[in-house]
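Trainee: Next up is a structure, given as structure tokens.
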Amino acid sequence: MLIPLSARKIVRDLIAMRGRVAMMIGAIAVSVAAVGAVLGSRAILEREIRVNYISTNPASATLHVPGGAKADALRIARSRPGVLDAALRTRSGARMVLANGRRVPLLLFVAPASDPMRIAGFRVERGHWPAAGDELLLERSSLAYFGLHAGERIALETSGARTWTVRIAGAVHDGAVSPSSQEGIAYGYATPALLSRLGKAPGLDELKIVAGDANGAFTNVRRIDAVAQDVGTALRARGVAVTRIDAPPPLRHPHQAQMETATGLLMTFAVLTLLLGAILIATMLGSMLTQQIRQIGVMKALGAGDGTVFGMYALMAAAIAVAATAVALVPSVLAARYLAAVVAGLFGIDLTSLDVPWSVFAVEIAAGVLVPVAVAYAPLARGTSITVREAIDGTARSGAAFGTLRLQSLLGRWNTGNRTLRLALRNVVRHPGRLALVVMLLGASGAMFVSAIGTANGMQAVVDEGMSHRRYDVAVNLSRAEDAASVIRTMNAVPDVQAFETGITASATIPHDGAIDVTRTYPDGGHGSFTMTAVRPDTAFVQLPLTQGRWLRGDDANAVVFNHLVIPQQAHDARVGELVAIALNGRVARYRLVGTVSDFGNPATAYVTESGFARASGEPGRVSQIRVVTRGHDGAARAAAVAAIQRRFADEGIVLRSATPVGQFRLALNGHALVLAQTLGAIAVVMAIVGIFGLGSAIGSGVLERTREFGIMRSIGASSRAVAAIVVVEGLLYGALSAVAALLLSIPLTLMLDRFIGMQAFLVPLPFVLPPAVVAISTAVGFAAAALASLAGALAAARLTIRDALAAV
Amino acid sequence: MAFRTDPAPGPVVATRGLSKAYSSPSGTVTALDAVTLTIERGEFVAVVGPSGSGKTTLLNVLAGIDVPTAGEVIVQGIALARLGDAELTAWRGRNVGLVFQFFQLLPTLTVAENVMLPMEFCATVPPRERAGCARMLLERVGIAGQADKFPAFLSGGQQQRAAIARALANDPAIVLADEPTGNLDSKSGDAIRALFADLAAAGTTVVMVTHEHSIARYATREIALADGAVAGDRVLHPAARESAAAC
Ligand SMILES: Nc1ncnc2c1ncn2[C@@H]1O[C@H](COP(=O)(O)OP(=O)(O)O)[C@@H](O)[C@H]1O
Ligand SMILES: [Mg+2]
């Protein structure tokens, strides 16, 4: 095999520079792995969402037909244009009594035994569907989370505190619901026969439709709304009452937007890291060309054309990029799987397979090989196009003589004080381009790191703020509105309650003239929901910060205050000071919007006074919500209060939907903030590694370029320690400049992340928090890393003998 | 191996009114001043003169590395001014052998590989014959035993011999050497000078810049430069005129 000499030279040069080459490969590999991990996890998540959610063939819209619809409603719906399929279902609530006596809310999805389950379906994993009249199937996340097993019998509690024992006939997987572990509620699947047995009306009051055409289900909300309105109007014309349409964002998992936001953010930073890493490699290759300038000159003098020489060094860049990409592949797959699992866990997506699609490898390989080579093109073309004359002189474009730049001449004039520092400083400003790159990379990674923690702190602050507005210990929701006097009497009998306050809340919609009310609520009834809540204007229990206008007053029968989610999610055109119409169960009332508040942790809510609520509900003196302040405020006291409340209300025959200690809410939000901070932190670490590799190779190149200079210094009496000290101080100077850059960058970056993540998660920017301790610690870490990165170069410089140094050509 | 057409009749090198001026921050420097020369095939020309007298500039202009500000250079009947950059590179690779003061072997290629490099760049010798060719050239300069070593393991004199072998790789019409012995002890220096004399005797035209007085024993002609102008031009020994093929 005859390997061309030019290729042999390149391979041997790479081996000769193995330390620096390893650093370059490391830098690229780490960033390529980051890109691959994000791409891979995104591909896994997108596919799995499809498998989980889209495969349930979710309904485009649900029409509410109170009292239950007859079979001809189904026929009418199916005959309307744009309706691909329709089904009649219902939902109901009950409570499961666990072995330890704990009661957990159960959301029952009910479908008739005759339903072919073509739409809004689920996958039966154990047992069989349809379930018998005394059976139900449970979502598998409910079984796992509440420690239940198929085949077991379990007690269900309904209104009137009556208990029935039913059998858990099996497990289903329902991709359309967020797992029990996230929501704290159980999902059951049963037939109307079970409802009758539980003493509930078995009517099917939800007409589910899939809107679409020959190309499949519609993904456009307006088209879905039009079909749903048309079906609703047709049903009304036949005397069927339609009160509301729920049309959630089409074919999108309830958590899909958040997932896309998270991975999109990661992608941005991974690509940024790869670009910065590639630019750094390009400069390193450029500096290597400067070192090899005489060799290039010799090759040209021997007849090598520009193209030949360029080809040789392009081969070198390609070899580094290919090696880095090869190194990155396996870790990127592992990281992709890990990341997918973390994000899936966070957003309640079930992963059936962790296979990374081939297309991801293709993109990763293309990015890993092409990006560095493309970025290296310009410096390589410049470095290899020098003339023989320039090359032989060795003076060629290795940069203008020192002193040419203003900064350099300024530093040249500074000649008092520590000599090591002075020399190191002059060396650092010798290659302004390289300096800028290293500072950019290290600065960006430092800024990322600080911003990750800052953003996490912002989330924490949001949680704290959300908590600080909840000046109570337990939130109780009744499963339906009850007479205020009996609820107050019941509460008065609960021990260890210091104070409580009642209110009422109900699912609301913003009506549109002539059309049936539409909500964007998902079938779980939580995601995308909109409620109207009555509070006492002078409440001491809930104090929400005003963002516009004013809070409610005692005599405000016509006023409404929106929380931060209402305008962006429900009432886009509403303005403070104007009238807005809100409907409760089809009854429309008009209110003047007097203000807006921020209200983390609650869904879109319209706050009104009790008299204001009664104007829409038509039923004054009712209560469905109680906020309780207990004597003790720790977890145990709250848990005891929850148990006592559940007992008291059960005795009185009042059914609770939930009784939740406020700590639970904090726990969930903390979990989200932590995962986010961890992911941002991981990307920051990746950037830091790339930056440190970059600094290491920049310093290594600097030492090699100055071999002669160091030799001369040694020959005029500098000790090897003095030479090494100059290099380390150089590293520290890079570190110092990077720390300044990181600090300057971290402020806008944190603001950006606060805004981005806040808008995605809560629809308002997160508060800006940047603890000085974090800044101080990351600066210290940065300095240590810079010193470490310069150590190899310093040792190399110290080991140079005068003879070696002066003989270098 | 006939990879070059027969040399054109007439001198190997002819210059007319060759001048080169550099402008620098401290003013214009005239490095060459109306130099007119002819060098015949097989001559061993020593270019002498004080530092800064324009010796290197002359060599660079002859090699097409530097462009004269006035006058012209004709090598083997080809006016260098008429060649473009790429043509000049190709032409130089095939027709000019360059030897520098510092040995300029590529450190990560073996001695033999260094010698084969011009053959690869100029595609002059078929790939399979290059190793044999390189060995012959190394034998000719007396270091065949060092063929597979890396340059760092050779003495200065041996490295310079390798560089000369490499300069001969494409059987150039002219070898240009800029102070090739400047960095060697006098014994090694003499051996290199003798090697150049042998090459010239075998028909290779050699132009060598030097400071050493002992050159008079080896060169056939001595051109003295002063302030960029020819200050002396004398024949030392008659040049041999026989021909020899490299390989
Ligand atoms: N690139 C250059 N720019 C400016 N002046 C130069 C350059 N190269 C050579 N010179 C000047 O030209 C003159 C001749 O230089 P050179 O040919 O190197 O002399 P020699 O080789 O005889 O010592 C000197 O005065 C030198 O300073
Ligand atoms: Mg000179």
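Labels used: A, B, ... for chains in the order of the structure tokens, numbers from 1 for residues in each chain, and numbers from 1 for ligands as shown.
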Env of range 110-112 of chain A: 7 Å cut, atoms = only C-alpha atoms, seq-sep filter 2 positions within chain, self excluded. Answer as number ranges by chain.

Mentor: A: 89-91, 108, 114-115, 189-192

Trainee: What residues of the protein or nucleic acid chains come within 9 Å of ligand 1 when you use only C-alpha atoms and all ligand atoms? Reply as a PyMOL selection string.

Mentor: (chain A and resi 389-390+393) or (chain B and resi 20-24+28-32+48-60+178-179+209+225-228)

Trainee: Selection from above, N, CA and C atoms, as an mmCIF file, in the first residue's frame, can you write it?

Mentor:
```cif
data_model
loop_
_atom_site.group_PDB
_atom_site.id
_atom_site.type_symbol
_atom_site.label_atom_id
_atom_site.label_comp_id
_atom_site.auth_asym_id
_atom_site.auth_seq_id
_atom_site.Cartn_x
_atom_site.Cartn_y
_atom_site.Cartn_z
ATOM 1 N N ARG A 389 8.118 32.968 -0.194
ATOM 2 C CA ARG A 389 8.934 34.031 0.360
ATOM 3 C C ARG A 389 8.552 34.335 1.812
ATOM 4 N N GLU A 390 7.246 34.524 2.021
ATOM 5 C CA GLU A 390 6.759 34.812 3.374
ATOM 6 C C GLU A 390 7.069 33.654 4.311
ATOM 7 N N ASP A 393 10.839 33.418 5.106
ATOM 8 C CA ASP A 393 11.193 34.477 6.057
ATOM 9 C C ASP A 393 10.662 34.140 7.442
ATOM 10 N N LYS B 20 15.758 45.116 -7.627
ATOM 11 C CA LYS B 20 14.722 44.833 -6.636
ATOM 12 C C LYS B 20 14.825 45.881 -5.544
ATOM 13 N N ALA B 21 13.728 46.587 -5.313
ATOM 14 C CA ALA B 21 13.741 47.607 -4.265
ATOM 15 C C ALA B 21 12.662 47.245 -3.250
ATOM 16 N N TYR B 22 12.960 47.421 -1.980
ATOM 17 C CA TYR B 22 11.988 47.215 -0.916
ATOM 18 C C TYR B 22 11.644 48.555 -0.324
ATOM 19 N N SER B 23 10.368 48.801 -0.150
ATOM 20 C CA SER B 23 10.040 50.017 0.600
ATOM 21 C C SER B 23 9.687 49.593 2.017
ATOM 22 N N SER B 24 10.283 50.286 2.940
ATOM 23 C CA SER B 24 10.038 49.961 4.346
ATOM 24 C C SER B 24 9.794 51.265 5.084
ATOM 25 N N THR B 28 13.248 53.513 1.130
ATOM 26 C CA THR B 28 13.373 52.469 0.111
ATOM 27 C C THR B 28 14.787 51.883 0.151
ATOM 28 N N VAL B 29 14.839 50.535 0.115
ATOM 29 C CA VAL B 29 16.133 49.845 0.118
ATOM 30 C C VAL B 29 16.312 49.196 -1.247
ATOM 31 N N THR B 30 17.428 49.471 -1.863
ATOM 32 C CA THR B 30 17.698 48.813 -3.142
ATOM 33 C C THR B 30 18.495 47.543 -2.850
ATOM 34 N N ALA B 31 17.823 46.406 -2.973
ATOM 35 C CA ALA B 31 18.476 45.134 -2.655
ATOM 36 C C ALA B 31 19.248 44.624 -3.851
ATOM 37 N N LEU B 32 18.727 44.861 -5.056
ATOM 38 C CA LEU B 32 19.441 44.490 -6.289
ATOM 39 C C LEU B 32 19.437 45.696 -7.215
ATOM 40 N N VAL B 48 29.225 35.829 -3.529
ATOM 41 C CA VAL B 48 29.802 36.316 -2.280
ATOM 42 C C VAL B 48 29.511 37.794 -2.110
ATOM 43 N N GLY B 49 29.739 38.275 -0.921
ATOM 44 C CA GLY B 49 29.497 39.689 -0.662
ATOM 45 C C GLY B 49 29.117 39.882 0.778
ATOM 46 N N PRO B 50 29.260 41.110 1.285
ATOM 47 C CA PRO B 50 28.947 41.365 2.688
ATOM 48 C C PRO B 50 27.461 41.177 2.978
ATOM 49 N N SER B 51 27.172 41.054 4.240
ATOM 50 C CA SER B 51 25.784 40.899 4.659
ATOM 51 C C SER B 51 24.960 42.086 4.178
ATOM 52 N N GLY B 52 23.802 41.829 3.616
ATOM 53 C CA GLY B 52 22.940 42.894 3.139
ATOM 54 C C GLY B 52 23.252 43.333 1.732
ATOM 55 N N SER B 53 24.168 42.636 1.079
ATOM 56 C CA SER B 53 24.546 43.071 -0.266
ATOM 57 C C SER B 53 23.588 42.578 -1.334
ATOM 58 N N GLY B 54 22.621 41.729 -0.981
ATOM 59 C CA GLY B 54 21.603 41.332 -1.957
ATOM 60 C C GLY B 54 21.746 39.908 -2.446
ATOM 61 N N LYS B 55 22.555 39.099 -1.796
ATOM 62 C CA LYS B 55 22.800 37.728 -2.255
ATOM 63 C C LYS B 55 21.500 36.894 -2.206
ATOM 64 N N THR B 56 20.856 36.940 -1.045
ATOM 65 C CA THR B 56 19.620 36.155 -0.894
ATOM 66 C C THR B 56 18.565 36.649 -1.866
ATOM 67 N N THR B 57 18.483 37.967 -2.003
ATOM 68 C CA THR B 57 17.501 38.531 -2.920
ATOM 69 C C THR B 57 17.750 38.017 -4.334
ATOM 70 N N LEU B 58 18.984 37.961 -4.744
ATOM 71 C CA LEU B 58 19.300 37.474 -6.085
ATOM 72 C C LEU B 58 18.811 36.037 -6.260
ATOM 73 N N LEU B 59 19.135 35.197 -5.261
ATOM 74 C CA LEU B 59 18.723 33.797 -5.344
ATOM 75 C C LEU B 59 17.202 33.667 -5.411
ATOM 76 N N ASN B 60 16.508 34.448 -4.561
ATOM 77 C CA ASN B 60 15.041 34.386 -4.539
ATOM 78 C C ASN B 60 14.450 34.817 -5.875
ATOM 79 N N ASP B 178 21.367 28.775 -0.483
ATOM 80 C CA ASP B 178 21.641 30.012 0.258
ATOM 81 C C ASP B 178 22.374 29.679 1.549
ATOM 82 N N GLU B 179 23.670 29.961 1.579
ATOM 83 C CA GLU B 179 24.519 29.677 2.738
ATOM 84 C C GLU B 179 24.262 28.275 3.300
ATOM 85 N N VAL B 209 25.253 30.777 -2.411
ATOM 86 C CA VAL B 209 25.648 31.970 -1.662
ATOM 87 C C VAL B 209 26.506 31.501 -0.500
ATOM 88 N N LEU B 225 28.877 40.554 -4.928
ATOM 89 C CA LEU B 225 27.871 41.620 -4.906
ATOM 90 C C LEU B 225 28.259 42.657 -3.869
ATOM 91 N N ALA B 226 27.955 43.913 -4.149
ATOM 92 C CA ALA B 226 28.126 44.980 -3.167
ATOM 93 C C ALA B 226 26.982 45.955 -3.385
ATOM 94 N N ASP B 227 26.233 46.230 -2.338
ATOM 95 C CA ASP B 227 25.064 47.122 -2.418
ATOM 96 C C ASP B 227 24.138 46.757 -3.574
ATOM 97 N N GLY B 228 23.955 45.474 -3.790
ATOM 98 C CA GLY B 228 23.006 45.017 -4.801
ATOM 99 C C GLY B 228 23.544 44.990 -6.219
#
```

Trainee: What are the residues of chain A that have an atom within 6 Å of an atom of chain B, counting only C-alpha atoms, as a PyMOL selection string?

Mentor: chain A and resi 9+12+302-304+389

Trainee: Name the residues of range 23-159 of chain B that come out as helix (DSSP H, G or I) in a backbone DSSP run; write them as an NGL selection string.

Mentor: :B and (55-62 or 80-82 or 85-95 or 111-122 or 127-140 or 144-146 or 151-153 or 156-159)

Trainee: Give the strand (DSSP E or B) residues of range 41-227 of chain B, as DSSP finds them on the backbone, and put them as a ChimeraX atom specification.

Mentor: /B:44-48,70-75,78-79,96-99,174-178,205-209,221-226

Trainee: Do a neighbour search on Val242 in chain A at 7 Å with only C-alpha atoms, toss out local chain neighbours closer than 3 positions, and write the hits as a PyMOL selection string.

Mentor: chain A and resi 63-65+232+236

Trainee: Can you pull out the residues contacting Ala194 in chain B? Cut-off 10 Å, using only C-alpha atoms, and skip same-chain residues under 5 positions away; I want them as an MDAnalysis selection string.

Mentor: chainID B and resid 188:189 199:200 215 217:219

Trainee: Residues of the last selection are to be written out with C-alpha atoms, as an mmCIF file, in the first residue's frame.

Mentor:
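Writing the result to result-v3.cif gives the following:
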```
data_model
loop_
_atom_site.group_PDB
_atom_site.id
_atom_site.type_symbol
_atom_site.label_atom_id
_atom_site.label_comp_id
_atom_site.auth_asym_id
_atom_site.auth_seq_id
_atom_site.Cartn_x
_atom_site.Cartn_y
_atom_site.Cartn_z
ATOM 1 C CA SER B 188 31.174 19.181 7.268
ATOM 2 C CA GLY B 189 31.080 22.432 5.325
ATOM 3 C CA LEU B 199 27.263 17.700 -8.821
ATOM 4 C CA ALA B 200 28.394 20.594 -10.967
ATOM 5 C CA ILE B 215 34.776 28.163 -1.663
ATOM 6 C CA ARG B 217 38.743 25.677 -4.063
ATOM 7 C CA TYR B 218 35.421 24.240 -5.275
ATOM 8 C CA ALA B 219 33.458 26.788 -7.326
#
```

Trainee: Go through B:Pro238, B:Pro180, B:Gly232, B:Gly156 and flag the residue nearest ligand 2, using only C-alpha atoms and all ligand atoms for the distances.

Mentor: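 Going through B:Pro238, B:Pro180, B:Gly232, B:Gly156 one by one, the smallest distance to ligand 2 is for B:Pro180.
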
Trainee: Would you work out the distance separating CA of Ser55 in chain A from CA of Pro249 in chain A, expressed in Å to one decimal?

Mentor: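 Calculated distance between CA of Ser55 in chain A and CA of Pro249 in chain A is 16.0 Å.
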
Trainee: Contacts of Asp230 in chain A at 12 Å or less, counting only C-alpha atoms, minus same-chain residues fewer than 3 places along, as a list of chain:residue names?

Mentor: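 Once the adjacent positions are removed, what remains is A:Ala61, A:Leu63, A:Ile76, A:Ala77, A:Arg78, A:Ser79, A:Arg80, A:Pro81, A:Gly82, A:Val83, A:Ile209, A:Ala211, A:Arg223, A:Ile224, A:Asp225, A:Ala226, A:Val227, A:Thr233, A:Ala234, A:Leu235, A:Arg236, A:Ala237, A:Val242, A:Ile245, A:Gly514, A:Ala515, A:Ile516.
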
Trainee: For the residues selected in the previous step, produce a file with N, CA and C atoms as an mmCIF file, in the first residue's frame.

Mentor:
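See out_2.cif below for the written result:
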```cif
data_model
loop_
_atom_site.group_PDB
_atom_site.id
_atom_site.type_symbol
_atom_site.label_atom_id
_atom_site.label_comp_id
_atom_site.auth_asym_id
_atom_site.auth_seq_id
_atom_site.Cartn_x
_atom_site.Cartn_y
_atom_site.Cartn_z
ATOM 1 N N ALA A 61 -62.637 17.253 19.733
ATOM 2 C CA ALA A 61 -63.473 18.099 20.587
ATOM 3 C C ALA A 61 -64.466 17.226 21.346
ATOM 4 N N LEU A 63 -68.273 17.584 23.080
ATOM 5 C CA LEU A 63 -69.459 18.422 23.248
ATOM 6 C C LEU A 63 -70.198 17.946 24.492
ATOM 7 N N ILE A 76 -76.403 11.757 14.274
ATOM 8 C CA ILE A 76 -76.392 13.120 13.726
ATOM 9 C C ILE A 76 -74.954 13.608 13.603
ATOM 10 N N ALA A 77 -74.188 13.419 14.689
ATOM 11 C CA ALA A 77 -72.798 13.905 14.675
ATOM 12 C C ALA A 77 -72.029 13.268 13.532
ATOM 13 N N ARG A 78 -72.191 11.963 13.353
ATOM 14 C CA ARG A 78 -71.413 11.262 12.325
ATOM 15 C C ARG A 78 -71.802 11.704 10.931
ATOM 16 N N SER A 79 -73.040 12.234 10.774
ATOM 17 C CA SER A 79 -73.475 12.607 9.432
ATOM 18 C C SER A 79 -73.004 14.010 9.056
ATOM 19 N N ARG A 80 -72.464 14.761 10.022
ATOM 20 C CA ARG A 80 -72.045 16.142 9.698
ATOM 21 C C ARG A 80 -70.730 16.135 8.916
ATOM 22 N N PRO A 81 -70.585 17.091 7.996
ATOM 23 C CA PRO A 81 -69.325 17.143 7.235
ATOM 24 C C PRO A 81 -68.146 17.425 8.164
ATOM 25 N N GLY A 82 -67.043 16.791 7.877
ATOM 26 C CA GLY A 82 -65.831 17.038 8.665
ATOM 27 C C GLY A 82 -65.744 16.185 9.907
ATOM 28 N N VAL A 83 -66.762 15.339 10.160
ATOM 29 C CA VAL A 83 -66.684 14.456 11.330
ATOM 30 C C VAL A 83 -66.202 13.088 10.858
ATOM 31 N N ILE A 209 -65.861 13.927 19.254
ATOM 32 C CA ILE A 209 -65.757 13.801 17.794
ATOM 33 C C ILE A 209 -64.301 13.935 17.382
ATOM 34 N N ALA A 211 -62.514 15.503 14.233
ATOM 35 C CA ALA A 211 -62.766 16.301 13.041
ATOM 36 C C ALA A 211 -61.602 16.107 12.077
ATOM 37 N N ARG A 223 -60.464 25.019 12.265
ATOM 38 C CA ARG A 223 -61.252 24.048 11.508
ATOM 39 C C ARG A 223 -61.984 23.116 12.472
ATOM 40 N N ILE A 224 -61.295 22.735 13.556
ATOM 41 C CA ILE A 224 -61.935 21.860 14.545
ATOM 42 C C ILE A 224 -63.108 22.581 15.194
ATOM 43 N N ASP A 225 -62.876 23.849 15.582
ATOM 44 C CA ASP A 225 -63.951 24.638 16.200
ATOM 45 C C ASP A 225 -65.154 24.719 15.271
ATOM 46 N N ALA A 226 -64.886 24.936 13.979
ATOM 47 C CA ALA A 226 -65.981 25.094 13.021
ATOM 48 C C ALA A 226 -66.801 23.804 12.961
ATOM 49 N N VAL A 227 -66.112 22.664 12.892
ATOM 50 C CA VAL A 227 -66.828 21.381 12.829
ATOM 51 C C VAL A 227 -67.627 21.176 14.114
ATOM 52 N N THR A 233 -74.658 22.885 16.709
ATOM 53 C CA THR A 233 -75.844 23.564 16.179
ATOM 54 C C THR A 233 -76.849 22.543 15.650
ATOM 55 N N ALA A 234 -76.350 21.521 14.956
ATOM 56 C CA ALA A 234 -77.229 20.482 14.410
ATOM 57 C C ALA A 234 -77.947 19.754 15.548
ATOM 58 N N LEU A 235 -77.202 19.478 16.639
ATOM 59 C CA LEU A 235 -77.819 18.790 17.777
ATOM 60 C C LEU A 235 -78.862 19.673 18.436
ATOM 61 N N ARG A 236 -78.539 20.946 18.601
ATOM 62 C CA ARG A 236 -79.498 21.865 19.226
ATOM 63 C C ARG A 236 -80.774 21.941 18.395
ATOM 64 N N ALA A 237 -80.606 21.915 17.054
ATOM 65 C CA ALA A 237 -81.779 21.976 16.178
ATOM 66 C C ALA A 237 -82.683 20.774 16.396
ATOM 67 N N VAL A 242 -76.720 21.522 24.221
ATOM 68 C CA VAL A 242 -75.253 21.464 24.199
ATOM 69 C C VAL A 242 -74.752 22.659 24.997
ATOM 70 N N ILE A 245 -68.215 23.166 24.590
ATOM 71 C CA ILE A 245 -67.320 22.329 23.772
ATOM 72 C C ILE A 245 -65.920 22.439 24.364
ATOM 73 N N GLY A 514 -73.521 33.927 19.861
ATOM 74 C CA GLY A 514 -74.188 33.013 18.944
ATOM 75 C C GLY A 514 -73.580 31.633 18.884
ATOM 76 N N ALA A 515 -72.388 31.482 19.419
ATOM 77 C CA ALA A 515 -71.720 30.188 19.305
ATOM 78 C C ALA A 515 -71.775 29.463 20.642
ATOM 79 N N ILE A 516 -71.556 28.165 20.576
ATOM 80 C CA ILE A 516 -71.485 27.369 21.805
ATOM 81 C C ILE A 516 -70.146 27.670 22.463
#
```

Trainee: So, counting only C-alpha atoms and all ligand atoms, which residue among B:Ser186, B:Gln101, B:Ser155, B:Thr205 is closest to ligand 2?

Mentor: B:Gln101

Trainee: Would you pick out the contacts of Met491 in chain A at 9 Å or less, using only C-alpha atoms, so that residues sharing its chain but fewer than 6 positions from it are not included, and give the list as a ChimeraX atom specification?

Mentor: /A:497,500,626,645,648-649

Trainee: Mind pulling up the distance from CA of Leu546 in chain A to CA of Asp573 in chain A?

Mentor: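 CA of Asp573 in chain A sits 19.4 Å away from CA of Leu546 in chain A.
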
Trainee: Would you mind telling me which residue in A:Val38, A:Ile654, A:Val333, A:Ile293 lies nearest to Glu482 in chain A when using only C-alpha atoms?

Mentor: A:Ile654

Trainee: What does the distance between CA of Ala641 in chain A and CA of Leu148 in chain A come to in Å, to one decimal place?

Mentor: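 One can read the CA of Ala641 in chain A to CA of Leu148 in chain A distance as 25.3 Å.
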
Trainee: Select, from B:Val230, B:Ala197, B:Ala147, B:Ile174, the residue with the minimum atom-to-atom distance to Ala34 in chain B, counting only C-alpha atoms.

Mentor: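 Looking at the shortest contact to Ala34 in chain B, the residue is B:Val230.
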
Trainee: Hey, which of B:Arg234, B:His211, B:Arg41, B:Arg82 ends up closest to ligand 2? Count only C-alpha atoms and all ligand atoms.

Mentor: B:His211
